[in-house]
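Below: the structure, in structure tokens.
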Amino acid sequence: MQPLTLTDCFKGAWRDTGRVLLKMPVLIFVVFALMLVTECIRDRLQIAAHPALDADAMSRGRSAFGAFILTAIVSAILSVRVIRYALFGDASRSRDGALGRYILLMLIAFGGILAFLLALIVAAAVLIHTVKSSGAIRDLSYGVLGSYGAVYLLALCLIAFVWTRLSLLFPHTAAGGKIRWRSAWQDTRGHFWVMIVTFGLTILPIMIVSVVLGYVRLYALRQLDVSGLTYDIATFLSTAATVLSMITGAACSAWVYRRFATALQQPVT
């Protein structure tokens with residue numbers, strides 16, 4: 001059997017995306033509806049925060065948070081179903097604890113990223129306070145602020161690197177495997193840029209459309225208008241693009257897993 005190539009992963013991801021759209025219309029519609037509601041609530045919260053307007057921001061904030069949590073759970077269900085379909089050709093529900101481990105992995109990953117960024121923010125705040133208190137620098141110059149910006153940019157690059165090196169864990173857990181950090185790190189050694197290019201090229205068409213629609217929505221928000229036809233169409237299409245990118249990304253991760261996962265597929269000794 002010939003080893004998989006970047007082209008195989010690209011074509012396979014989009015082929016499975018088309019099949020999933022026909023195989024799971026109800027689940028996809030539920031995810032789309034929840035995301036659409038979440039986006040609309042969030043945008044109206046931004047409008048309500050405008051000083052010229054008066055609204056119950058706290059109530060809408062709770063609604064937005066609840067919708068976000070529900071969307072994240074349903075999105076995880078969709079991602080697991082898509083990955084299992086791409087790997088096994090089976091769109092049925094998993095009965096091996098895959099969903100629970102997948103959600104746990106998401107919580108660990110996003111919790112780790114959040115903790116890392118918060119630690120950077122606290123460290124920067126302490127450093128700025130110490131420097132200003134010592135009188136060494138009375139006014140923070142653009143150079144100092146620029147250096148902090150560079151540090152955060154490097155931090156984001158580090159997050160992207162670690163995320164990519166461990167990304168095989170998501171399709172692995174969706175397939176029913178256990179969370180094995182060392183094996184995932186071993187399988188992706190030397191494949192970082194190939195994986196980045198594979199994911200990037202696969203999602204690129206959707207990203208281009210999403211950027212254009214994002215600018216349209218941003219224009220409507222700046223006009224404080226969330227009831228116009230332009231905003232409605234842009235929000236509807238951008239949400240559809242987000243769901244499509246989620247499905248395509250999950251399918252692509254399955255193909256990348258099929259291409260590079262070796263140690264992860266070995267039995268635990």
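Identifiers in this document derive from the order of the structure tokens: chains are assigned A, B, ..., residues are numbered from 1 separately in each chain, and ligands are numbered from 1 in order of occurrence.
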
For segment 11-22 of chain A, work out the shell of residues within 9 Å, counting only C-alpha atoms and skipping chain neighbours fewer than 4 positions away, then give it as a list in words.
Leu6, Thr7, Ile28, Val82, Tyr85, Ala86, Ala91, Thr202, Leu244, Ile247, Thr248, Gly249, Ala250, Ala251, Cys252, Ser253, Ala254 and Trp255 of chain A

Take the residues that were just selected and, keeping C-alpha atoms, output them as a compact mmCIF listing (two decimals), in the first residue's frame.
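After the write, result_11.txt holds the following:
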# COMPACT_ATOMS: atom_id res chain seq x y z
CA LEU A 6 -0.61 15.69 1.21
CA THR A 7 -2.85 15.46 -1.85
CA ILE A 28 -25.07 19.46 11.65
CA VAL A 82 -16.90 13.00 11.72
CA TYR A 85 -16.70 8.24 9.93
CA ALA A 86 -13.49 9.29 8.17
CA ALA A 91 -21.28 7.44 11.56
CA THR A 202 -7.37 22.07 3.40
CA LEU A 244 -18.09 23.60 7.48
CA ILE A 247 -16.29 19.31 9.75
CA THR A 248 -13.46 19.65 7.24
CA GLY A 249 -10.89 20.14 10.00
CA ALA A 250 -12.09 17.02 11.82
CA ALA A 251 -11.99 14.99 8.61
CA CYS A 252 -8.52 16.34 7.81
CA SER A 253 -7.27 15.41 11.29
CA ALA A 254 -8.45 11.84 10.67
CA TRP A 255 -6.46 11.67 7.43

Which of A:Pro25, A:Val197, A:Arg180, A:Ile233 sits closest to Pro267 of chain A [using only C-alpha atoms]
A:Arg180

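The nearest approach to Asp90 of chain A among the residues A:Gln186, A:Cys40, A:Arg258, A:Ala175, with only C-alpha atoms taken into account, belongs to A:Ala175.
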
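The coordinates place atom CA of Ile206 of chain A at 27.1 Å from atom CA of Pro3 of chain A.
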
Give me the residues near segment 121-123 of chain A as number ranges by chain, where near means some atom within 12 Å (using only C-alpha atoms) and where sequence neighbours in that chain fewer than 4 positions away do not count.
A: 114-117, 127-130, 148-149, 151-152, 155

Emit the selected residues as a PDB file, in the first residue's frame, including C-alpha atoms.
ATOM      1  CA  LEU A 114      -5.602  29.683  29.219  1.00  0.00           C
ATOM      2  CA  ALA A 115      -3.348  29.060  32.214  1.00  0.00           C
ATOM      3  CA  PHE A 116      -0.241  29.740  30.123  1.00  0.00           C
ATOM      4  CA  LEU A 117      -1.618  33.028  28.765  1.00  0.00           C
ATOM      5  CA  LEU A 127       7.344  43.237  35.684  1.00  0.00           C
ATOM      6  CA  ILE A 128       5.798  46.532  34.558  1.00  0.00           C
ATOM      7  CA  HIS A 129       4.825  47.415  38.128  1.00  0.00           C
ATOM      8  CA  THR A 130       8.329  46.562  39.407  1.00  0.00           C
ATOM      9  CA  TYR A 148       6.049  42.647  25.235  1.00  0.00           C
ATOM     10  CA  GLY A 149       4.129  42.256  21.977  1.00  0.00           C
ATOM     11  CA  VAL A 151       6.974  37.981  23.662  1.00  0.00           C
ATOM     12  CA  TYR A 152       3.258  37.289  23.254  1.00  0.00           C
ATOM     13  CA  ALA A 155       4.073  32.598  23.026  1.00  0.00           C
TER      14      ALA A 155
END

Distance in Å - atom CA of Ile113 of chain A versus atom CA of Phe161 of chain A
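Interatomic distance here is 12.1 Å.
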
Find the residue from A:Ser75, A:Ser167, A:Lys23, A:Ile159 that sits nearest to Met35 of chain A; use only C-alpha atoms when measuring.
A:Ser75

Quick check, in Å to one decimal: how far apart do atom CA of Ser79 of chain A and atom CA of Ala174 of chain A lie?
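These two atoms are separated by 8.1 Å.
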
Spatial neighbours of Gly214 of chain A, max dist 8 Å, only C-alpha atoms, sep filter under 4 positions, as a list of chain:residue names:
A:Ser210, A:Leu218, A:Ala234, A:Ser238

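Each of A:Ile103, A:Val31, A:Ala241, A:Val194 was checked against Val211 of chain A using only C-alpha atoms; the smallest atom-to-atom distance is that of A:Ala241.
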
In segment 89-217 of chain A, DSSP helix (DSSP H, G or I) residues written as a ChimeraX atom specification
/A:98-134,142-165,169-174,181-187,192-217
